[in-house]
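The structure file structure-v3.pdb is reproduced below (PDB, C-alpha atoms, pLDDT in the B column).
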```pdb
MODEL        1
ATOM      1  CA  MET A   1       0.000   0.000   0.000  1.00 55.00           C
ATOM      2  CA  LYS A   2       2.864   2.373   0.839  1.00 81.00           C
ATOM      3  CA  LEU A   3       4.517   1.707  -2.537  1.00 86.00           C
ATOM      4  CA  LYS A   4       1.224   2.267  -4.343  1.00 84.00           C
ATOM      5  CA  LEU A   5       0.766   5.626  -2.598  1.00 83.00           C
ATOM      6  CA  ALA A   6       4.388   6.636  -3.226  1.00 86.00           C
ATOM      7  CA  THR A   7       3.998   5.774  -6.926  1.00 90.00           C
ATOM      8  CA  ALA A   8       0.881   7.941  -7.182  1.00 83.00           C
ATOM      9  CA  LEU A   9       2.723  10.839  -5.524  1.00 82.00           C
ATOM     10  CA  THR A  10       5.530  10.686  -8.116  1.00 89.00           C
ATOM     11  CA  TRP A  11       3.134  12.292 -10.625  1.00 86.00           C
ATOM     12  CA  PHE A  12       3.612  15.532  -8.675  1.00 84.00           C
ATOM     13  CA  GLY A  13       7.290  15.240  -9.609  1.00 86.00           C
ATOM     14  CA  LEU A  14       6.584  15.050 -13.339  1.00 82.00           C
ATOM     15  CA  PRO A  15       7.886  18.617 -14.030  1.00 85.00           C
ATOM     16  CA  ILE A  16      11.146  17.687 -12.275  1.00 83.00           C
ATOM     17  CA  TYR A  17      11.297  14.465 -14.285  1.00 83.00           C
ATOM     18  CA  VAL A  18      10.946  16.392 -17.555  1.00 83.00           C
ATOM     19  CA  TRP A  19      13.388  19.166 -16.600  1.00 84.00           C
ATOM     20  CA  GLN A  20      16.154  16.928 -15.232  1.00 85.00           C
ATOM     21  CA  GLY A  21      15.536  14.244 -17.839  1.00 77.00           C
ATOM     22  CA  LEU A  22      16.049  16.646 -20.734  1.00 78.00           C
ATOM     23  CA  GLY A  23      19.236  17.906 -19.114  1.00 79.00           C
ATOM     24  CA  ILE A  24      20.587  14.364 -18.825  1.00 78.00           C
ATOM     25  CA  ARG A  25      19.767  13.633 -22.469  1.00 76.00           C
ATOM     26  CA  ARG A  26      21.775  16.670 -23.570  1.00 76.00           C
ATOM     27  CA  LYS A  27      24.829  15.870 -21.461  1.00 72.00           C
ATOM     28  CA  THR A  28      25.019  12.087 -21.249  1.00 70.00           C
ATOM     29  CA  ILE A  29      27.207   9.943 -23.482  1.00 70.00           C
ATOM     30  CA  ARG A  30      25.037   7.738 -25.709  1.00 76.00           C
ATOM     31  CA  PRO A  31      27.107   4.576 -26.306  1.00 85.00           C
ATOM     32  CA  THR A  32      26.270   2.084 -29.030  1.00 91.00           C
ATOM     33  CA  PRO A  33      26.071  -1.713 -28.667  1.00 94.00           C
ATOM     34  CA  PRO A  34      29.143  -3.812 -29.499  1.00 95.00           C
ATOM     35  CA  PHE A  35      29.121  -5.326 -32.966  1.00 91.00           C
ATOM     36  CA  PRO A  36      28.643  -8.044 -34.129  1.00 91.00           C
ATOM     37  CA  GLN A  37      25.944  -9.326 -31.781  1.00 93.00           C
ATOM     38  CA  GLN A  38      27.222 -12.889 -31.991  1.00 95.00           C
ATOM     39  CA  VAL A  39      28.905 -15.192 -29.496  1.00 97.00           C
ATOM     40  CA  ALA A  40      30.568 -18.399 -30.654  1.00 97.00           C
ATOM     41  CA  PRO A  41      29.066 -21.677 -29.348  1.00 97.00           C
ATOM     42  CA  ILE A  42      31.004 -23.281 -26.508  1.00 98.00           C
ATOM     43  CA  ALA A  43      31.770 -27.004 -26.646  1.00 98.00           C
ATOM     44  CA  GLY A  44      31.128 -29.422 -23.800  1.00 98.00           C
ATOM     45  CA  LYS A  45      29.625 -32.781 -22.909  1.00 98.00           C
ATOM     46  CA  GLY A  46      25.975 -33.658 -22.510  1.00 97.00           C
ATOM     47  CA  THR A  47      22.765 -31.912 -23.469  1.00 97.00           C
ATOM     48  CA  PRO A  48      23.433 -28.388 -24.730  1.00 98.00           C
ATOM     49  CA  PHE A  49      22.012 -25.224 -23.245  1.00 98.00           C
ATOM     50  CA  ARG A  50      20.372 -23.193 -26.019  1.00 98.00           C
ATOM     51  CA  LEU A  51      19.828 -19.666 -24.746  1.00 98.00           C
ATOM     52  CA  LEU A  52      18.013 -16.632 -26.059  1.00 98.00           C
ATOM     53  CA  LEU A  53      18.737 -13.227 -24.521  1.00 98.00           C
ATOM     54  CA  VAL A  54      16.161 -10.662 -25.610  1.00 98.00           C
ATOM     55  CA  GLY A  55      15.380  -7.175 -24.415  1.00 98.00           C
ATOM     56  CA  ASP A  56      16.697  -3.634 -24.225  1.00 98.00           C
ATOM     57  CA  SER A  57      20.122  -1.993 -24.532  1.00 97.00           C
ATOM     58  CA  SER A  58      21.588  -4.030 -21.674  1.00 97.00           C
ATOM     59  CA  ALA A  59      20.657  -7.207 -23.531  1.00 98.00           C
ATOM     60  CA  ALA A  60      22.497  -5.718 -26.516  1.00 97.00           C
ATOM     61  CA  GLY A  61      25.578  -5.137 -24.337  1.00 98.00           C
ATOM     62  CA  VAL A  62      25.617  -1.333 -24.296  1.00 97.00           C
ATOM     63  CA  GLY A  63      28.312  -0.211 -21.873  1.00 96.00           C
ATOM     64  CA  VAL A  64      31.128  -2.446 -23.157  1.00 97.00           C
ATOM     65  CA  ASP A  65      33.072  -2.487 -26.426  1.00 96.00           C
ATOM     66  CA  ASP A  66      33.259  -6.257 -26.906  1.00 97.00           C
ATOM     67  CA  ILE A  67      30.220  -8.566 -26.984  1.00 97.00           C
ATOM     68  CA  ASP A  68      32.213 -11.166 -25.021  1.00 97.00           C
ATOM     69  CA  ALA A  69      32.295  -8.730 -22.075  1.00 98.00           C
ATOM     70  CA  SER A  70      28.538  -8.178 -22.207  1.00 98.00           C
ATOM     71  CA  LEU A  71      25.801 -10.071 -20.385  1.00 98.00           C
ATOM     72  CA  GLY A  72      25.185 -12.205 -23.485  1.00 98.00           C
ATOM     73  CA  GLY A  73      28.876 -12.986 -23.761  1.00 98.00           C
ATOM     74  CA  GLN A  74      29.537 -13.794 -20.116  1.00 98.00           C
ATOM     75  CA  VAL A  75      26.492 -15.963 -19.350  1.00 98.00           C
ATOM     76  CA  PRO A  76      27.472 -18.731 -21.839  1.00 98.00           C
ATOM     77  CA  ARG A  77      31.084 -18.739 -20.706  1.00 98.00           C
ATOM     78  CA  LEU A  78      30.202 -19.031 -17.012  1.00 98.00           C
ATOM     79  CA  LEU A  79      27.446 -21.559 -17.675  1.00 98.00           C
ATOM     80  CA  ALA A  80      29.739 -23.805 -19.720  1.00 98.00           C
ATOM     81  CA  LYS A  81      32.491 -23.585 -17.115  1.00 98.00           C
ATOM     82  CA  GLN A  82      30.194 -24.455 -14.215  1.00 98.00           C
ATOM     83  CA  SER A  83      28.125 -27.151 -15.952  1.00 98.00           C
ATOM     84  CA  GLY A  84      30.613 -28.691 -18.397  1.00 98.00           C
ATOM     85  CA  ARG A  85      27.849 -28.738 -21.000  1.00 98.00           C
ATOM     86  CA  PRO A  86      27.762 -27.131 -24.472  1.00 98.00           C
ATOM     87  CA  VAL A  87      26.223 -23.653 -24.581  1.00 98.00           C
ATOM     88  CA  GLU A  88      25.020 -21.470 -27.431  1.00 98.00           C
ATOM     89  CA  ILE A  89      23.196 -18.154 -27.296  1.00 98.00           C
ATOM     90  CA  ASP A  90      21.237 -15.840 -29.580  1.00 98.00           C
ATOM     91  CA  ILE A  91      21.262 -12.160 -28.594  1.00 98.00           C
ATOM     92  CA  ILE A  92      18.498  -9.779 -29.648  1.00 98.00           C
ATOM     93  CA  GLY A  93      18.825  -6.433 -27.886  1.00 96.00           C
ATOM     94  CA  SER A  94      17.168  -3.177 -28.894  1.00 95.00           C
ATOM     95  CA  ASN A  95      18.160   0.247 -27.553  1.00 94.00           C
ATOM     96  CA  SER A  96      15.435   2.002 -25.529  1.00 94.00           C
ATOM     97  CA  ALA A  97      13.023  -0.922 -25.982  1.00 97.00           C
ATOM     98  CA  THR A  98      10.004  -1.297 -23.726  1.00 98.00           C
ATOM     99  CA  ALA A  99       8.000  -4.433 -22.961  1.00 98.00           C
ATOM    100  CA  GLY A 100       5.310  -3.567 -25.502  1.00 98.00           C
ATOM    101  CA  GLN A 101       7.838  -2.898 -28.259  1.00 98.00           C
ATOM    102  CA  ILE A 102       9.619  -6.220 -27.692  1.00 98.00           C
ATOM    103  CA  ARG A 103       6.258  -8.002 -27.692  1.00 98.00           C
ATOM    104  CA  ASP A 104       5.036  -6.375 -30.927  1.00 98.00           C
ATOM    105  CA  ASN A 105       8.181  -5.788 -32.975  1.00 97.00           C
ATOM    106  CA  VAL A 106      10.679  -8.452 -31.912  1.00 98.00           C
ATOM    107  CA  ILE A 107       9.083 -11.672 -30.649  1.00 97.00           C
ATOM    108  CA  PRO A 108       7.021 -12.336 -33.819  1.00 96.00           C
ATOM    109  CA  HIS A 109      10.200 -12.209 -35.924  1.00 96.00           C
ATOM    110  CA  ILE A 110      12.387 -14.563 -33.874  1.00 96.00           C
ATOM    111  CA  LYS A 111      12.926 -17.842 -35.657  1.00 92.00           C
ATOM    112  CA  LYS A 112      11.372 -20.732 -33.765  1.00 90.00           C
ATOM    113  CA  ARG A 113      14.035 -22.839 -32.065  1.00 93.00           C
ATOM    114  CA  ASN A 114      14.156 -25.232 -29.141  1.00 95.00           C
ATOM    115  CA  PHE A 115      15.612 -22.763 -26.664  1.00 98.00           C
ATOM    116  CA  THR A 116      16.147 -24.312 -23.257  1.00 98.00           C
ATOM    117  CA  HIS A 117      16.082 -20.899 -21.573  1.00 98.00           C
ATOM    118  CA  ILE A 118      14.927 -17.433 -22.604  1.00 98.00           C
ATOM    119  CA  ILE A 119      16.367 -14.543 -20.581  1.00 98.00           C
ATOM    120  CA  VAL A 120      14.160 -11.447 -20.811  1.00 98.00           C
ATOM    121  CA  ASN A 121      15.821  -8.177 -19.909  1.00 98.00           C
ATOM    122  CA  ILE A 122      13.114  -5.527 -19.954  1.00 98.00           C
ATOM    123  CA  GLY A 123      11.459  -2.942 -17.718  1.00 98.00           C
ATOM    124  CA  THR A 124      14.009  -0.195 -17.101  1.00 97.00           C
ATOM    125  CA  ASN A 125      12.811   1.835 -20.085  1.00 97.00           C
ATOM    126  CA  ASP A 126       9.192   1.327 -19.055  1.00 98.00           C
ATOM    127  CA  ALA A 127      10.060   2.915 -15.703  1.00 97.00           C
ATOM    128  CA  LYS A 128      12.223   5.608 -17.329  1.00 95.00           C
ATOM    129  CA  ASN A 129       9.393   6.500 -19.732  1.00 96.00           C
ATOM    130  CA  PHE A 130       6.971   6.936 -16.818  1.00 95.00           C
ATOM    131  CA  HIS A 131       4.770   4.015 -17.893  1.00 97.00           C
ATOM    132  CA  THR A 132       2.050   3.305 -15.365  1.00 97.00           C
ATOM    133  CA  VAL A 133       1.895   0.061 -13.424  1.00 97.00           C
ATOM    134  CA  ARG A 134      -1.325  -0.767 -15.270  1.00 97.00           C
ATOM    135  CA  ARG A 135       0.344  -0.271 -18.653  1.00 98.00           C
ATOM    136  CA  PHE A 136       3.381  -2.341 -17.661  1.00 98.00           C
ATOM    137  CA  TYR A 137       1.149  -5.089 -16.288  1.00 97.00           C
ATOM    138  CA  LYS A 138      -0.572  -5.300 -19.668  1.00 98.00           C
ATOM    139  CA  ASP A 139       2.547  -4.971 -21.827  1.00 98.00           C
ATOM    140  CA  PHE A 140       4.823  -7.265 -19.838  1.00 98.00           C
ATOM    141  CA  GLY A 141       2.031  -9.735 -19.136  1.00 98.00           C
ATOM    142  CA  THR A 142       1.194 -10.114 -22.827  1.00 98.00           C
ATOM    143  CA  LEU A 143       4.917 -10.338 -23.624  1.00 98.00           C
ATOM    144  CA  LEU A 144       5.098 -13.388 -21.347  1.00 98.00           C
ATOM    145  CA  TYR A 145       2.020 -14.839 -23.033  1.00 97.00           C
ATOM    146  CA  ALA A 146       3.646 -14.335 -26.450  1.00 97.00           C
ATOM    147  CA  LEU A 147       6.889 -16.017 -25.361  1.00 98.00           C
ATOM    148  CA  ASN A 148       5.061 -18.988 -23.850  1.00 96.00           C
ATOM    149  CA  ALA A 149       2.968 -19.405 -26.989  1.00 96.00           C
ATOM    150  CA  ARG A 150       5.925 -19.197 -29.380  1.00 96.00           C
ATOM    151  CA  PHE A 151       8.414 -21.174 -27.265  1.00 97.00           C
ATOM    152  CA  PRO A 152       6.302 -23.493 -25.078  1.00 96.00           C
ATOM    153  CA  ARG A 153       9.216 -25.731 -24.040  1.00 96.00           C
ATOM    154  CA  SER A 154      11.531 -22.924 -22.931  1.00 98.00           C
ATOM    155  CA  ASN A 155      12.231 -21.827 -19.375  1.00 98.00           C
ATOM    156  CA  ILE A 156      11.520 -18.092 -19.302  1.00 98.00           C
ATOM    157  CA  ILE A 157      13.633 -16.013 -16.929  1.00 98.00           C
ATOM    158  CA  TRP A 158      12.995 -12.325 -16.264  1.00 98.00           C
ATOM    159  CA  SER A 159      16.086 -10.551 -15.009  1.00 97.00           C
ATOM    160  CA  GLY A 160      13.978  -7.948 -13.202  1.00 97.00           C
ATOM    161  CA  ILE A 161      14.442  -4.185 -12.863  1.00 97.00           C
ATOM    162  CA  MET A 162      17.232  -2.592 -10.888  1.00 95.00           C
ATOM    163  CA  ASP A 163      16.133  -0.010  -8.334  1.00 96.00           C
ATOM    164  CA  MET A 164      16.816   3.133 -10.377  1.00 97.00           C
ATOM    165  CA  LYS A 165      17.524   5.130  -7.246  1.00 96.00           C
ATOM    166  CA  ALA A 166      21.005   3.556  -7.310  1.00 95.00           C
ATOM    167  CA  ILE A 167      21.920   4.594 -10.896  1.00 96.00           C
ATOM    168  CA  PRO A 168      24.800   7.153 -10.790  1.00 95.00           C
ATOM    169  CA  ALA A 169      23.702   9.027 -13.920  1.00 93.00           C
ATOM    170  CA  LEU A 170      20.413  10.074 -12.298  1.00 94.00           C
ATOM    171  CA  PRO A 171      20.579  13.210 -10.098  1.00 93.00           C
ATOM    172  CA  PHE A 172      18.439  13.770  -7.021  1.00 93.00           C
ATOM    173  CA  PRO A 173      15.416  14.025  -6.876  1.00 94.00           C
ATOM    174  CA  LEU A 174      14.966  12.320 -10.274  1.00 94.00           C
ATOM    175  CA  SER A 175      16.707   9.231  -8.903  1.00 96.00           C
ATOM    176  CA  ASN A 176      14.168   8.996  -6.086  1.00 96.00           C
ATOM    177  CA  ILE A 177      11.216   9.465  -8.432  1.00 96.00           C
ATOM    178  CA  LEU A 178      12.381   6.781 -10.861  1.00 96.00           C
ATOM    179  CA  GLY A 179      13.456   4.573  -7.973  1.00 97.00           C
ATOM    180  CA  ILE A 180       9.894   4.480  -6.680  1.00 97.00           C
ATOM    181  CA  ARG A 181       8.470   3.825 -10.132  1.00 97.00           C
ATOM    182  CA  SER A 182      10.992   1.064 -10.910  1.00 97.00           C
ATOM    183  CA  ARG A 183      10.189  -0.671  -7.614  1.00 97.00           C
ATOM    184  CA  ALA A 184       6.474  -0.512  -8.414  1.00 97.00           C
ATOM    185  CA  LEU A 185       7.005  -2.068 -11.859  1.00 98.00           C
ATOM    186  CA  MET A 186       9.275  -4.701 -10.325  1.00 98.00           C
ATOM    187  CA  ALA A 187       6.553  -5.717  -7.859  1.00 97.00           C
ATOM    188  CA  SER A 188       4.027  -5.923 -10.705  1.00 97.00           C
ATOM    189  CA  GLY A 189       6.430  -8.002 -12.803  1.00 98.00           C
ATOM    190  CA  GLU A 190       7.063 -10.422  -9.939  1.00 98.00           C
ATOM    191  CA  ASN A 191       3.330 -11.081  -9.660  1.00 97.00           C
ATOM    192  CA  LEU A 192       3.089 -11.662 -13.411  1.00 98.00           C
ATOM    193  CA  CYS A 193       5.991 -14.117 -13.415  1.00 98.00           C
ATOM    194  CA  ARG A 194       4.311 -16.169 -10.703  1.00 96.00           C
ATOM    195  CA  GLU A 195       1.102 -16.237 -12.754  1.00 95.00           C
ATOM    196  CA  ARG A 196       2.557 -16.801 -16.204  1.00 95.00           C
ATOM    197  CA  LEU A 197       5.254 -19.450 -15.993  1.00 92.00           C
ATOM    198  CA  ALA A 198       8.373 -17.320 -15.645  1.00 98.00           C
ATOM    199  CA  THR A 199      11.027 -17.188 -12.934  1.00 98.00           C
ATOM    200  CA  ILE A 200      13.199 -14.434 -11.445  1.00 98.00           C
ATOM    201  CA  PRO A 201      16.748 -14.903 -10.094  1.00 97.00           C
ATOM    202  CA  ASP A 202      17.459 -14.081  -6.471  1.00 93.00           C
ATOM    203  CA  GLY A 203      19.483 -10.940  -5.900  1.00 87.00           C
ATOM    204  CA  GLU A 204      20.968  -8.384  -8.271  1.00 85.00           C
ATOM    205  CA  TRP A 205      24.404  -7.060  -9.091  1.00 90.00           C
ATOM    206  CA  ILE A 206      25.736  -4.511  -6.639  1.00 91.00           C
ATOM    207  CA  PRO A 207      25.272  -0.861  -7.741  1.00 91.00           C
ATOM    208  CA  ARG A 208      28.801   0.374  -7.051  1.00 93.00           C
ATOM    209  CA  ASP A 209      30.868   2.664  -9.276  1.00 93.00           C
ATOM    210  CA  LYS A 210      33.056  -0.018 -10.888  1.00 96.00           C
ATOM    211  CA  ASN A 211      29.950  -1.930 -11.958  1.00 97.00           C
ATOM    212  CA  PHE A 212      28.742   0.930 -14.149  1.00 97.00           C
ATOM    213  CA  SER A 213      30.113   1.974 -17.522  1.00 96.00           C
ATOM    214  CA  GLU A 214      31.313   5.453 -18.412  1.00 93.00           C
ATOM    215  CA  ASP A 215      27.762   6.702 -19.009  1.00 93.00           C
ATOM    216  CA  GLY A 216      26.789   5.927 -15.403  1.00 94.00           C
ATOM    217  CA  PHE A 217      23.670   4.108 -16.567  1.00 94.00           C
ATOM    218  CA  HIS A 218      24.608   0.816 -18.202  1.00 96.00           C
ATOM    219  CA  ALA A 219      26.683  -1.958 -16.658  1.00 97.00           C
ATOM    220  CA  SER A 220      30.437  -2.224 -17.091  1.00 97.00           C
ATOM    221  CA  ALA A 221      32.183  -5.520 -17.855  1.00 98.00           C
ATOM    222  CA  GLN A 222      32.404  -6.142 -14.086  1.00 98.00           C
ATOM    223  CA  GLY A 223      28.725  -5.304 -13.623  1.00 97.00           C
ATOM    224  CA  TYR A 224      27.757  -7.649 -16.439  1.00 98.00           C
ATOM    225  CA  HIS A 225      29.947 -10.345 -14.872  1.00 98.00           C
ATOM    226  CA  GLU A 226      28.110 -10.143 -11.539  1.00 97.00           C
ATOM    227  CA  TRP A 227      24.773 -10.084 -13.345  1.00 98.00           C
ATOM    228  CA  ALA A 228      25.758 -13.094 -15.472  1.00 98.00           C
ATOM    229  CA  GLN A 229      26.778 -15.102 -12.400  1.00 98.00           C
ATOM    230  CA  ILE A 230      23.381 -14.465 -10.778  1.00 98.00           C
ATOM    231  CA  LEU A 231      21.635 -15.708 -13.932  1.00 98.00           C
ATOM    232  CA  VAL A 232      23.868 -18.771 -14.269  1.00 98.00           C
ATOM    233  CA  THR A 233      23.279 -19.747 -10.642  1.00 98.00           C
ATOM    234  CA  HIS A 234      19.554 -19.463 -11.276  1.00 98.00           C
ATOM    235  CA  ILE A 235      19.681 -21.490 -14.508  1.00 98.00           C
ATOM    236  CA  LEU A 236      21.581 -24.322 -12.844  1.00 98.00           C
ATOM    237  CA  ARG A 237      19.255 -24.337  -9.844  1.00 94.00           C
ATOM    238  CA  VAL A 238      16.079 -24.318 -11.954  1.00 81.00           C
TER     239      VAL A 238
ENDMDL
END
```

Full structure transcribed into structure tokens:
Amino acid sequence: MKLKLATALTWFGLPIYVWQGLGIRRKTIRPTPPFPQQVAPIAGKGTPFRLLLVGDSSAAGVGVDDIDASLGGQVPRLLAKQSGRPVEIDIIGSNSATAGQIRDNVIPHIKKRNFTHIIVNIGTNDAKNFHTVRRFYKDFGTLLYALNARFPRSNIIWSGIMDMKAIPALPFPLSNILGIRSRALMASGENLCRERLATIPDGEWIPRDKNFSEDGFHASAQGYHEWAQILVTHILRV
């Protein structure tokens, strides 16, 4: 109830959101994803892991120069090392993507494959764009429906939304406003995952300076490493 009330009160901060947000857009570095968006399959013994990483700019690896240092590059390497099994991954990341955009413009065009796990990295832009909880519930909920319909044998994992209060690039009070809204969307997403056959890893990477890239918004190689380890632990446990 407290979070619901706090989220409603953030609408009074909308002028601050617009004013500080425009200032950040003018000043902030806008890095591009590493290219190519391909990671070589890793050999091993036993049944292979076939992964799909889909989502926003963090799925695309923005924040590092080499795809191998990104989330999509580090998850397969850690998973192969810790399981001994073959691992391959497809990466489909889109800058500034929201849940509705991934649902409508990306999922229908992914070639059907027998992915063992689908990692969905989405939600930060929904919070950043001031999407309501109701809108996110609809967009993210139907995204999960679409993934389950298209890939019924895959384990769907949502990586969740970091509390945006901790992001260095966001000044006060914008950080507090978006922190509240990101926590509200996270709570909504957790409920949806319980309802719609998706899981969420325990914990998140630590929001300290060395875990952020130069733009102060996306993860660095170290941040992606911690994030990848959390996902790999979850995959092996599930």

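With only C-alpha atoms as the atoms that count, the residue of A:Leu178, A:Arg25, A:Glu214, A:Ile118 with the shortest distance to Leu197 in chain A is A:Ile118.
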
Residue with smallest distance to Ile200 in chain A - pool A:Gly216, A:Pro108, A:Pro34, A:Gly160, counting all atoms listed in the file: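 Of A:Gly216, A:Pro108, A:Pro34, A:Gly160, the one nearest Ile200 in chain A, counting all atoms listed in the file, is A:Gly160.
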
Which residues come within 10 Å of Trp205 in chain A, counting only C-alpha atoms, excluding same-chain residues fewer than 6 positions away, as a PDB file with C-alpha atoms, in the coordinates of the input?
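The new file part10.pdb reads:
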```
ATOM      1  CA  MET A 162      17.232  -2.592 -10.888  1.00 95.00           C
ATOM      2  CA  ASN A 211      29.950  -1.930 -11.958  1.00 97.00           C
ATOM      3  CA  ALA A 219      26.683  -1.958 -16.658  1.00 97.00           C
ATOM      4  CA  GLN A 222      32.404  -6.142 -14.086  1.00 98.00           C
ATOM      5  CA  GLY A 223      28.725  -5.304 -13.623  1.00 97.00           C
ATOM      6  CA  TYR A 224      27.757  -7.649 -16.439  1.00 98.00           C
ATOM      7  CA  HIS A 225      29.947 -10.345 -14.872  1.00 98.00           C
ATOM      8  CA  GLU A 226      28.110 -10.143 -11.539  1.00 97.00           C
ATOM      9  CA  TRP A 227      24.773 -10.084 -13.345  1.00 98.00           C
ATOM     10  CA  ALA A 228      25.758 -13.094 -15.472  1.00 98.00           C
ATOM     11  CA  GLN A 229      26.778 -15.102 -12.400  1.00 98.00           C
ATOM     12  CA  ILE A 230      23.381 -14.465 -10.778  1.00 98.00           C
TER      13      ILE A 230
END
```

Mind telling me what the PyMOL selection byres ((chain A and resi 7) around 12) catches here, as a count of residues only? 30

Of A:Gly141, A:Pro168, A:Gly61, A:Pro76, the one nearest to Pro41 in chain A when counting all atoms listed in the file is A:Pro76

Report, in Å with one decimal, the straight-line distance from CA of Lys112 in chain A to CA of His218 in chain A. 29.7 Å

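Across the structure, CA of Met186 in chain A and CA of His234 in chain A are spaced 18.0 Å apart.
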
For a quick check of understanding, using all atoms listed in the file, which of A:Glu204, A:Gln101, A:Leu147, A:Ala169 has the smallest distance to Gly21 in chain A? A:Ala169

Would you mind reading off the distance between CA of Tyr137 in chain A and CA of Ser70 in chain A, one decimal, in Å?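 Separation of CA of Tyr137 in chain A and CA of Ser70 in chain A: 28.2 Å.
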
N, CA and C atoms modelled onto range 176-193 of chain A, as a compact mmCIF listing (two decimals), in the coordinates of the input:
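So the final result, stored in rebuild-v2.txt, reads:
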```
# COMPACT_ATOMS: atom_id res chain seq x y z
N ASN A 176 15.19 9.48 -7.02
CA ASN A 176 14.17 9.00 -6.09
C ASN A 176 12.85 8.73 -6.79
N ILE A 177 12.47 9.62 -7.70
CA ILE A 177 11.22 9.46 -8.43
C ILE A 177 11.24 8.18 -9.25
N LEU A 178 12.30 7.98 -10.03
CA LEU A 178 12.38 6.78 -10.86
C LEU A 178 12.65 5.53 -10.02
N GLY A 179 13.28 5.70 -8.87
CA GLY A 179 13.46 4.57 -7.97
C GLY A 179 12.12 4.02 -7.50
N ILE A 180 11.23 4.90 -7.12
CA ILE A 180 9.89 4.48 -6.68
C ILE A 180 9.15 3.79 -7.82
N ARG A 181 9.21 4.38 -9.01
CA ARG A 181 8.47 3.82 -10.13
C ARG A 181 9.06 2.48 -10.58
N SER A 182 10.38 2.35 -10.53
CA SER A 182 10.99 1.06 -10.91
C SER A 182 10.64 -0.02 -9.91
N ARG A 183 10.56 0.32 -8.62
CA ARG A 183 10.19 -0.67 -7.61
C ARG A 183 8.73 -1.10 -7.79
N ALA A 184 7.88 -0.17 -8.18
CA ALA A 184 6.47 -0.51 -8.41
C ALA A 184 6.33 -1.45 -9.61
N LEU A 185 7.07 -1.18 -10.69
CA LEU A 185 7.00 -2.07 -11.86
C LEU A 185 7.61 -3.43 -11.53
N MET A 186 8.66 -3.44 -10.72
CA MET A 186 9.28 -4.70 -10.32
C MET A 186 8.28 -5.57 -9.56
N ALA A 187 7.54 -4.97 -8.64
CA ALA A 187 6.55 -5.72 -7.86
C ALA A 187 5.47 -6.27 -8.77
N SER A 188 5.03 -5.47 -9.74
CA SER A 188 4.03 -5.92 -10.70
C SER A 188 4.57 -7.08 -11.54
N GLY A 189 5.81 -6.95 -12.00
CA GLY A 189 6.43 -8.00 -12.80
C GLY A 189 6.60 -9.31 -12.04
N GLU A 190 6.93 -9.21 -10.76
CA GLU A 190 7.06 -10.42 -9.94
C GLU A 190 5.74 -11.17 -9.87
N ASN A 191 4.65 -10.44 -9.69
CA ASN A 191 3.33 -11.08 -9.66
C ASN A 191 3.02 -11.77 -10.99
N LEU A 192 3.35 -11.09 -12.09
CA LEU A 192 3.09 -11.66 -13.41
C LEU A 192 3.90 -12.93 -13.64
N CYS A 193 5.14 -12.93 -13.22
CA CYS A 193 5.99 -14.12 -13.42
C CYS A 193 5.43 -15.31 -12.66
```
